[in-house]
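Shown next, in structure tokens, is the structure this report addresses.
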Amino acid sequence: MRIRNIFLIVLCSLILPGGILDSARLFAQERDSAWWDAGYIYHSNAWLSSHSITGLSYMPVTKLSNATLSFHKVKGPFANFHESDNSERITAASNSVYRLNPHVVMEGQVQYEHFYGRNMNGSALINPYRNPVDIDEFADSNRGNKKLERYFLTATVSAQVHPRWTVGGRIAYEAANFAKLKDLRHVNSLTDLNTEAEVSRTIRKGTRIGASYGYHRRIESVKFETQGNTDRQYVSLINFGSFYGLAELFSDHGYTSEVRPLVNITHTASLHAGMRLSPSITWYNRIYYSARHGYYGEKGTTSIVFTEHTAPLYGYEGSLSWQKGTTLHSFTLKGSYETLANKENVYRSETSPAGNQVIVYYGKKDLLSQDITQLTLEYTAFLKVANNSSLWTIKGGAGYEDRQQTTIRYPFFRKQQLTGYRVYAAGERHIIKGNNRYSFSLSAGYGGGSGTPQHDGLYIPPASGQTPPASGDLYLYREYEYLTKPRVQFGPALQYAYKADSRVAPYLRLAYTYTKAFDVSYTGHYRHSVLVTAGCNF
């Protein structure tokens, strides 16, 4: 083996989770694995393509590893209210799945991401759709640049402890920093811990049932500050839903005055069942229930919890894999229904008998009632499969989402109903000539939707002099157009890979996507996306 190839294998093994294992085991894998297709391997068994941890025990290969460095450039005005019309993202990632012995399989991933976006405004949060309350800049003229750094680590292990029993565990940790570089500045800190434990039992040959429990804690702290002209007044929209809520002046009081954490805690219970319907067909099913609750603010006798929310979710995930000769068919169906309720605390600062200022709560007011239904269906086919690789990969799918919500600032309310859908298809062809493999792919999609962006009303006539809630109409209609207006999307991709030896294949991939939107007024009509990836499979 050439020295440079040995160096490449050692280097990749060190940066991957599997690399901490005995390096001699790296060579105890199947021969000629350079062209292996990770997508095909994971779709070859319905348990493997699912969320299941113990499904890793079905991994058919000893080791599967990948390391990538990518650059993603996006430019164009067809963007959501919180997104950039001109951004770059650099991502370095490595992942590996490794069979330690016939009973134990491990999987791990490490990822670093750096994002820089220009002309950004809207939400001060990393992802406003993960939270029941949002904070938006009221003036769209105050756009500025933002940067995000994200670190992600996950580790999974599945172990067969008995001929019929398999146990597994997963831990995923994410940390991120997000900042706007122009007043009104925000500095965000995110910590996200997601753990899960699972046990499954084989009740008869080809049939396995299981259960799992997951705990997820996500805390995003936000601090607002000014470093430029402190004489200027900055106003934020406290968005309780549908860009309807409170216009707050940045000062030493209120939602934006101090470092405030936005907390989400989720408990998830799942039941799993899978079976081999025939020697060539595997079927997997998972039903789950998630109970999410959280708050915005700081718990304590002298600090304020502004809002508290609960969000139960019911979900289903199913997959089926059918190997017929040299063709693999894979089907995936996912669906979920979540209902969220957010309430605002009624409080007052009072003096305790000891002379201290304490926060006293008197009750709660309804803020947001939200129902979200999501459905996705995907089909993937791998044609002319040999040695865990296919000459053709064909994929198609559809997605549907319905969001209905009512935002209340009594006696005022705003109702909103949005429905979105998308369909897409893609095909990829691999051509192998000696130690070189060329891949050509083309994708296309169409999306649209419908709905009512706002319907404002009154429960009772307001009191004399009572002003209506603040409304961010520009963001409201920008989001509505982005989620519901018709758009088409297409893009080609090219990839070149070189077999350095029987187990190592570095590659370079270039992908371009163009999006064209129709009938829009608040967003632009187009968006370009270029993704360049340098990677190595080994």
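Here's how to read the names in the structure tokens: chain A, B, ... by the order shown, residue numbers from 1 in each chain, ligand numbers from 1 in the order shown.
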
Extract, using only C-alpha atoms, all DNA, RNA and protein residues at most 10 Å from range 69-80 of chain A, discarding same-chain residues fewer than 2 positions from it, and format them as an mmCIF file with N, CA and C atoms, in the first residue's frame.
```
data_model
loop_
_atom_site.group_PDB
_atom_site.id
_atom_site.type_symbol
_atom_site.label_atom_id
_atom_site.label_comp_id
_atom_site.auth_asym_id
_atom_site.auth_seq_id
_atom_site.Cartn_x
_atom_site.Cartn_y
_atom_site.Cartn_z
ATOM 1 N N ALA A 67 -15.845 11.503 5.611
ATOM 2 C CA ALA A 67 -15.435 12.820 6.095
ATOM 3 C C ALA A 67 -15.634 13.825 4.971
ATOM 4 N N HIS A 82 -36.812 35.490 8.214
ATOM 5 C CA HIS A 82 -35.647 35.520 9.097
ATOM 6 C C HIS A 82 -34.365 35.105 8.367
ATOM 7 N N GLU A 83 -34.438 34.857 7.063
ATOM 8 C CA GLU A 83 -33.296 34.340 6.326
ATOM 9 C C GLU A 83 -32.550 35.446 5.595
ATOM 10 N N SER A 84 -31.352 35.101 5.132
ATOM 11 C CA SER A 84 -30.511 36.035 4.393
ATOM 12 C C SER A 84 -30.719 35.863 2.896
ATOM 13 N N ASP A 85 -30.577 36.965 2.161
ATOM 14 C CA ASP A 85 -30.631 36.886 0.697
ATOM 15 C C ASP A 85 -29.241 36.726 0.084
ATOM 16 N N ASN A 86 -28.216 36.606 0.957
ATOM 17 C CA ASN A 86 -26.836 36.460 0.467
ATOM 18 C C ASN A 86 -25.996 35.883 1.597
ATOM 19 N N SER A 87 -25.739 34.594 1.565
ATOM 20 C CA SER A 87 -25.085 33.946 2.695
ATOM 21 C C SER A 87 -24.089 32.897 2.247
ATOM 22 N N GLU A 88 -23.163 32.566 3.154
ATOM 23 C CA GLU A 88 -22.220 31.471 2.961
ATOM 24 C C GLU A 88 -22.231 30.580 4.197
ATOM 25 N N ARG A 89 -22.019 29.293 3.962
ATOM 26 C CA ARG A 89 -21.967 28.336 5.058
ATOM 27 C C ARG A 89 -20.831 27.347 4.790
ATOM 28 N N ILE A 90 -19.944 27.193 5.757
ATOM 29 C CA ILE A 90 -18.858 26.221 5.676
ATOM 30 C C ILE A 90 -19.115 25.135 6.719
ATOM 31 N N THR A 91 -19.055 23.883 6.291
ATOM 32 C CA THR A 91 -19.344 22.763 7.185
ATOM 33 C C THR A 91 -18.243 21.714 7.072
ATOM 34 N N ALA A 92 -17.727 21.298 8.209
ATOM 35 C CA ALA A 92 -16.790 20.182 8.281
ATOM 36 C C ALA A 92 -17.441 19.089 9.116
ATOM 37 N N ALA A 93 -17.506 17.884 8.571
ATOM 38 C CA ALA A 93 -18.220 16.808 9.262
ATOM 39 C C ALA A 93 -17.527 15.478 9.040
ATOM 40 N N SER A 94 -17.677 14.611 10.001
ATOM 41 C CA SER A 94 -17.210 13.233 9.856
ATOM 42 C C SER A 94 -18.191 12.323 10.569
ATOM 43 N N GLN A 111 -19.500 17.401 13.847
ATOM 44 C CA GLN A 111 -19.755 18.401 12.807
ATOM 45 C C GLN A 111 -19.513 19.801 13.346
ATOM 46 N N TYR A 112 -18.925 20.629 12.488
ATOM 47 C CA TYR A 112 -18.736 22.042 12.787
ATOM 48 C C TYR A 112 -19.311 22.848 11.628
ATOM 49 N N GLU A 113 -19.990 23.938 11.956
ATOM 50 C CA GLU A 113 -20.640 24.744 10.926
ATOM 51 C C GLU A 113 -20.407 26.225 11.215
ATOM 52 N N HIS A 114 -20.074 26.975 10.171
ATOM 53 C CA HIS A 114 -19.923 28.419 10.281
ATOM 54 C C HIS A 114 -20.773 29.069 9.209
ATOM 55 N N PHE A 115 -21.680 29.946 9.642
ATOM 56 C CA PHE A 115 -22.617 30.607 8.734
ATOM 57 C C PHE A 115 -22.423 32.112 8.831
ATOM 58 N N TYR A 116 -22.460 32.774 7.674
ATOM 59 C CA TYR A 116 -22.404 34.235 7.632
ATOM 60 C C TYR A 116 -23.461 34.711 6.657
ATOM 61 N N GLY A 117 -24.416 35.505 7.175
ATOM 62 C CA GLY A 117 -25.513 35.993 6.346
ATOM 63 C C GLY A 117 -25.589 37.503 6.341
ATOM 64 N N ARG A 118 -25.907 38.064 5.186
ATOM 65 C CA ARG A 118 -25.999 39.509 5.029
ATOM 66 C C ARG A 118 -27.460 39.947 4.953
ATOM 67 N N GLY A 122 -35.660 40.358 11.025
ATOM 68 C CA GLY A 122 -36.642 39.387 11.474
ATOM 69 C C GLY A 122 -36.269 38.816 12.818
ATOM 70 N N TYR A 475 -43.381 41.142 7.768
ATOM 71 C CA TYR A 475 -42.936 39.775 8.035
ATOM 72 C C TYR A 475 -44.073 38.782 7.832
ATOM 73 N N TYR A 477 -46.596 38.818 5.719
ATOM 74 C CA TYR A 477 -46.859 38.483 4.319
ATOM 75 C C TYR A 477 -45.625 37.890 3.638
ATOM 76 N N ARG A 478 -44.464 38.237 4.126
ATOM 77 C CA ARG A 478 -43.260 37.609 3.572
ATOM 78 C C ARG A 478 -43.241 36.125 3.899
ATOM 79 N N GLU A 479 -43.567 35.762 5.133
ATOM 80 C CA GLU A 479 -43.632 34.354 5.501
ATOM 81 C C GLU A 479 -44.746 33.644 4.750
ATOM 82 N N TYR A 480 -45.887 34.299 4.641
ATOM 83 C CA TYR A 480 -47.021 33.694 3.931
ATOM 84 C C TYR A 480 -46.649 33.360 2.488
ATOM 85 N N GLU A 481 -45.988 34.281 1.805
ATOM 86 C CA GLU A 481 -45.589 34.013 0.428
ATOM 87 C C GLU A 481 -44.556 32.901 0.359
ATOM 88 N N TYR A 482 -43.596 32.916 1.264
ATOM 89 C CA TYR A 482 -42.536 31.905 1.222
ATOM 90 C C TYR A 482 -43.095 30.496 1.456
ATOM 91 N N LEU A 483 -44.124 30.389 2.297
ATOM 92 C CA LEU A 483 -44.664 29.072 2.625
ATOM 93 C C LEU A 483 -45.733 28.591 1.655
ATOM 94 N N ARG A 487 -43.836 27.607 -6.516
ATOM 95 C CA ARG A 487 -42.434 27.719 -6.906
ATOM 96 C C ARG A 487 -41.978 26.406 -7.536
ATOM 97 N N LEU A 508 -15.010 14.761 -5.102
ATOM 98 C CA LEU A 508 -15.365 16.171 -5.192
ATOM 99 C C LEU A 508 -16.741 16.258 -5.850
ATOM 100 N N ARG A 509 -17.651 17.016 -5.212
ATOM 101 C CA ARG A 509 -19.022 17.115 -5.705
ATOM 102 C C ARG A 509 -19.421 18.585 -5.857
ATOM 103 N N LEU A 510 -20.093 18.896 -6.957
ATOM 104 C CA LEU A 510 -20.585 20.237 -7.220
ATOM 105 C C LEU A 510 -22.081 20.145 -7.526
ATOM 106 N N ALA A 511 -22.882 20.894 -6.776
ATOM 107 C CA ALA A 511 -24.331 20.865 -6.965
ATOM 108 C C ALA A 511 -24.867 22.285 -7.061
ATOM 109 N N TYR A 512 -25.818 22.479 -7.949
ATOM 110 C CA TYR A 512 -26.449 23.790 -8.137
ATOM 111 C C TYR A 512 -27.966 23.613 -8.125
ATOM 112 N N THR A 513 -28.652 24.543 -7.449
ATOM 113 C CA THR A 513 -30.109 24.511 -7.398
ATOM 114 C C THR A 513 -30.649 25.909 -7.679
ATOM 115 N N TYR A 514 -31.660 25.965 -8.527
ATOM 116 C CA TYR A 514 -32.313 27.231 -8.850
ATOM 117 C C TYR A 514 -33.784 27.128 -8.462
ATOM 118 N N THR A 515 -34.261 28.150 -7.754
ATOM 119 C CA THR A 515 -35.662 28.215 -7.340
ATOM 120 C C THR A 515 -36.317 29.431 -7.973
ATOM 121 N N LYS A 516 -37.475 29.221 -8.587
ATOM 122 C CA LYS A 516 -38.238 30.299 -9.215
ATOM 123 C C LYS A 516 -39.625 30.336 -8.579
ATOM 124 N N ALA A 517 -39.969 31.481 -7.973
ATOM 125 C CA ALA A 517 -41.262 31.655 -7.320
ATOM 126 C C ALA A 517 -42.175 32.508 -8.189
ATOM 127 N N VAL A 520 -45.436 36.613 -6.334
ATOM 128 C CA VAL A 520 -44.939 37.127 -5.055
ATOM 129 C C VAL A 520 -44.782 38.638 -5.133
ATOM 130 N N TYR A 522 -43.840 40.375 -1.705
ATOM 131 C CA TYR A 522 -43.057 40.736 -0.523
ATOM 132 C C TYR A 522 -41.699 40.045 -0.506
ATOM 133 N N THR A 523 -41.530 39.008 -1.273
ATOM 134 C CA THR A 523 -40.232 38.365 -1.444
ATOM 135 C C THR A 523 -39.820 38.511 -2.910
ATOM 136 N N GLY A 524 -38.611 38.065 -3.222
ATOM 137 C CA GLY A 524 -38.166 38.084 -4.606
ATOM 138 C C GLY A 524 -38.641 36.858 -5.359
ATOM 139 N N HIS A 525 -38.274 36.775 -6.633
ATOM 140 C CA HIS A 525 -38.760 35.708 -7.502
ATOM 141 C C HIS A 525 -37.787 34.543 -7.652
ATOM 142 N N TYR A 526 -36.562 34.663 -7.170
ATOM 143 C CA TYR A 526 -35.576 33.631 -7.490
ATOM 144 C C TYR A 526 -34.621 33.418 -6.321
ATOM 145 N N ARG A 527 -33.895 32.298 -6.409
ATOM 146 C CA ARG A 527 -32.873 31.973 -5.416
ATOM 147 C C ARG A 527 -31.894 30.987 -6.037
ATOM 148 N N HIS A 528 -30.586 31.270 -5.901
ATOM 149 C CA HIS A 528 -29.529 30.395 -6.403
ATOM 150 C C HIS A 528 -28.821 29.741 -5.222
ATOM 151 N N SER A 529 -28.451 28.484 -5.407
ATOM 152 C CA SER A 529 -27.732 27.749 -4.368
ATOM 153 C C SER A 529 -26.622 26.935 -5.025
ATOM 154 N N VAL A 530 -25.395 27.114 -4.529
ATOM 155 C CA VAL A 530 -24.243 26.360 -5.024
ATOM 156 C C VAL A 530 -23.591 25.662 -3.836
ATOM 157 N N LEU A 531 -23.405 24.361 -3.956
ATOM 158 C CA LEU A 531 -22.806 23.567 -2.890
ATOM 159 C C LEU A 531 -21.607 22.806 -3.444
ATOM 160 N N VAL A 532 -20.440 23.051 -2.855
ATOM 161 C CA VAL A 532 -19.207 22.363 -3.239
ATOM 162 C C VAL A 532 -18.752 21.512 -2.047
ATOM 163 N N THR A 533 -18.529 20.231 -2.292
ATOM 164 C CA THR A 533 -18.172 19.317 -1.222
ATOM 165 C C THR A 533 -16.943 18.501 -1.613
ATOM 166 N N ALA A 534 -15.954 18.506 -0.739
ATOM 167 C CA ALA A 534 -14.807 17.607 -0.865
ATOM 168 C C ALA A 534 -14.908 16.583 0.256
ATOM 169 N N GLY A 535 -14.840 15.313 -0.104
ATOM 170 C CA GLY A 535 -15.037 14.282 0.903
ATOM 171 C C GLY A 535 -14.198 13.061 0.648
ATOM 172 N N CYS A 536 -14.335 12.124 1.560
ATOM 173 C CA CYS A 536 -13.605 10.862 1.452
ATOM 174 C C CYS A 536 -14.429 9.766 2.097
#
```

Any chance you could tabulate, as JSON lines, the residues of range 86-106 of chain A at most 10 Å from range 159-167 of chain A with each one's nearest atom pair and distance in Å to one decimal, using only C-alpha atoms, in chain and rising number order?
```
{"residue": "A:Leu100", "atom": "CA", "partner": "A:Ala159", "partner_atom": "CA", "distance": 9.8}
{"residue": "A:Asn101", "atom": "CA", "partner": "A:Ala159", "partner_atom": "CA", "distance": 9.6}
{"residue": "A:Pro102", "atom": "CA", "partner": "A:Gln160", "partner_atom": "CA", "distance": 8.6}
{"residue": "A:His103", "atom": "CA", "partner": "A:Gln160", "partner_atom": "CA", "distance": 4.9}
{"residue": "A:Val104", "atom": "CA", "partner": "A:Ala159", "partner_atom": "CA", "distance": 4.4}
{"residue": "A:Val105", "atom": "CA", "partner": "A:Ala159", "partner_atom": "CA", "distance": 6.5}
{"residue": "A:Met106", "atom": "CA", "partner": "A:Ala159", "partner_atom": "CA", "distance": 8.7}
```

Surrounding residues of Lys334 in chain A excluding itself and chain neighbours under 3 positions, 7 Å, only C-alpha atoms, as a PyMOL selection string: chain A and resi 316-318+375-377

Since we have the selection now, will you write its residues out, keeping N, CA and C atoms, as a compact mmCIF listing (two decimals), in the first residue's frame?
```
# COMPACT_ATOMS: atom_id res chain seq x y z
N TYR A 316 -46.02 9.03 13.92
CA TYR A 316 -45.83 7.69 13.34
C TYR A 316 -44.70 7.73 12.33
N GLU A 317 -43.92 6.68 12.30
CA GLU A 317 -42.87 6.53 11.30
C GLU A 317 -42.88 5.08 10.81
N GLY A 318 -42.92 4.91 9.51
CA GLY A 318 -42.91 3.57 8.94
C GLY A 318 -41.99 3.49 7.75
N LEU A 375 -47.09 15.55 7.14
CA LEU A 375 -47.03 14.24 6.49
C LEU A 375 -45.94 14.26 5.43
N THR A 376 -45.14 13.21 5.37
CA THR A 376 -44.14 13.07 4.30
C THR A 376 -44.12 11.64 3.81
N LEU A 377 -43.95 11.48 2.52
CA LEU A 377 -43.84 10.16 1.89
C LEU A 377 -42.67 10.21 0.93
```

List as an MDAnalysis selection string the protein and nucleic acid residues near Gly472 in chain A, meaning an atom at most 7 Å away when only C-alpha atoms are counted, but skip any in the same chain fewer than 6 places from it. chainID A and resid 138 243:244

Can I get the selected residues back with N, CA and C atoms, as a short mmCIF file (atom, residue, chain, number, x, y, z; two decimals), in the first residue's frame?
```cif
data_model
loop_
_atom_site.label_atom_id
_atom_site.label_comp_id
_atom_site.auth_asym_id
_atom_site.auth_seq_id
_atom_site.Cartn_x
_atom_site.Cartn_y
_atom_site.Cartn_z
N PHE A 138 -38.69 45.37 14.83
CA PHE A 138 -39.90 45.96 14.29
C PHE A 138 -39.64 46.69 12.98
N PHE A 243 -47.05 37.09 14.01
CA PHE A 243 -46.48 38.45 14.05
C PHE A 243 -47.47 39.43 14.70
N TYR A 244 -48.05 38.98 15.79
CA TYR A 244 -49.08 39.71 16.51
C TYR A 244 -48.67 39.71 17.97
#
```

Smallest atom-to-atom distance to Pro411 in chain A: which of A:Tyr446, A:Asn285, A:Asp366, A:His430, using only C-alpha atoms? A:Asp366

Separation of CA of Ser464 in chain A and CA of Asn342 in chain A, in Å?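 Interatomic distance here is 27.5 Å.
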
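CA of Thr373 in chain A is positioned 10.6 Å from CA of Gly420 in chain A.
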
Which residues are close to Gly451 in chain A, i.e. within 10 Å by only C-alpha atoms, leaving aside same-chain residues fewer than 4 positions away? Reply as a PDB file with C-alpha atoms, in the first residue's frame.
```pdb
ATOM      1  CA  ASP A 402     -51.063  22.401   7.832  1.00  0.00           C
ATOM      2  CA  ARG A 403     -50.728  25.081  10.536  1.00  0.00           C
ATOM      3  CA  GLN A 404     -53.709  26.608  12.278  1.00  0.00           C
ATOM      4  CA  GLN A 416     -54.183  32.171  10.773  1.00  0.00           C
ATOM      5  CA  GLN A 417     -54.380  29.052   8.625  1.00  0.00           C
ATOM      6  CA  LEU A 418     -51.564  28.010   6.268  1.00  0.00           C
ATOM      7  CA  THR A 419     -51.258  24.861   4.171  1.00  0.00           C
ATOM      8  CA  GLY A 420     -48.156  23.963   2.204  1.00  0.00           C
ATOM      9  CA  TYR A 480     -47.021  33.694   3.931  1.00  0.00           C
ATOM     10  CA  LEU A 483     -44.664  29.072   2.625  1.00  0.00           C
ATOM     11  CA  THR A 484     -47.576  29.084   0.187  1.00  0.00           C
TER      12      THR A 484
END
```

Spatial neighbours of Ser44 in chain A, max dist 12 Å, only C-alpha atoms, sep filter under 2 positions, as a PyMOL selection string: chain A and resi 37-42+46-50+55-56+58-61+280-283+319-324+326-331+380-382+385+388-390

Could you pull out all residues of range 191-237 of chain A with a DSSP call of strand (DSSP E or B) and give them as a ChimeraX atom specification? /A:191-204,207-225,235-237

So which residues touch Arg260 in chain A within 9 Å, counting only C-alpha atoms, skipping near sequence neighbours fewer than 6 positions away, as an NGL selection string? :A and (220-223 or 296-298)

Dump N, CA, C and O atoms for the selected residues as a compact mmCIF listing (two decimals), in the first residue's frame?
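Okay, result-v1.txt is ready:
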```txt
# COMPACT_ATOMS: atom_id res chain seq x y z
N GLU A 220 -31.93 28.20 24.70
CA GLU A 220 -31.32 29.27 23.90
C GLU A 220 -31.46 30.59 24.67
O GLU A 220 -32.56 31.07 24.90
N SER A 221 -30.33 31.14 25.08
CA SER A 221 -30.32 32.39 25.82
C SER A 221 -30.04 33.54 24.86
O SER A 221 -29.19 33.43 23.98
N VAL A 222 -30.76 34.65 25.06
CA VAL A 222 -30.66 35.80 24.16
C VAL A 222 -30.34 37.05 24.98
O VAL A 222 -31.00 37.32 25.99
N LYS A 223 -29.35 37.77 24.51
CA LYS A 223 -28.99 39.05 25.14
C LYS A 223 -29.00 40.13 24.06
O LYS A 223 -28.39 39.98 23.01
N TYR A 296 -40.19 31.07 28.75
CA TYR A 296 -39.27 32.13 28.40
C TYR A 296 -39.11 33.03 29.61
O TYR A 296 -40.08 33.59 30.13
N GLY A 297 -37.87 33.18 30.08
CA GLY A 297 -37.59 33.99 31.25
C GLY A 297 -36.65 33.25 32.20
O GLY A 297 -36.02 32.25 31.83
N GLU A 298 -36.58 33.73 33.40
CA GLU A 298 -35.65 33.19 34.40
C GLU A 298 -36.43 32.86 35.65
O GLU A 298 -37.10 33.73 36.24
```

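Distances to Asn537 in chain A were evaluated for A:Thr156, A:Gln489, A:Thr407, A:Ser502 using only C-alpha atoms, and the minimum falls at A:Ser502.
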
Which of A:Phe490, A:Tyr213, A:Phe440, A:Tyr400 sits closest to Leu271 in chain A [using only C-alpha atoms]: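 Smallest separation from Leu271 in chain A among the options: A:Tyr213.
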
So how far away is CA of Asn435 in chain A from CA of Arg503 in chain A, in Å?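 Here the two named atoms are 11.7 Å from each other.
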
Residue nearest Gly491 in chain A - candidates A:Tyr98, A:Phe152, A:Tyr173, A:Tyr424, atoms counted: only C-alpha atoms: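 Ranking A:Tyr98, A:Phe152, A:Tyr173, A:Tyr424 by distance to Gly491 in chain A, first place goes to A:Tyr424.
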
Sorted per-residue table, range 176-211 of chain A near range 126-130 of chain A, closest atoms and distance, 10 Å, only C-alpha atoms, as a Markdown table:
```
| residue | atom | partner | partner_atom | distance |
| --- | --- | --- | --- | --- |
| A:Ala176 | CA | A:Ile126 | CA | 8.9 |
| A:Asn177 | CA | A:Ile126 | CA | 8.8 |
| A:Phe178 | CA | A:Ile126 | CA | 6.8 |
| A:Ala179 | CA | A:Ile126 | CA | 9.3 |
| A:Asn188 | CA | A:Ile126 | CA | 7.9 |
| A:Ser189 | CA | A:Ile126 | CA | 9.4 |
| A:Leu190 | CA | A:Ile126 | CA | 8.6 |
```

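Nearest to Tyr361 in chain A of all the residues A:Pro132, A:Pro312, A:Pro279, A:Gly300 is A:Gly300, based on only C-alpha atoms.
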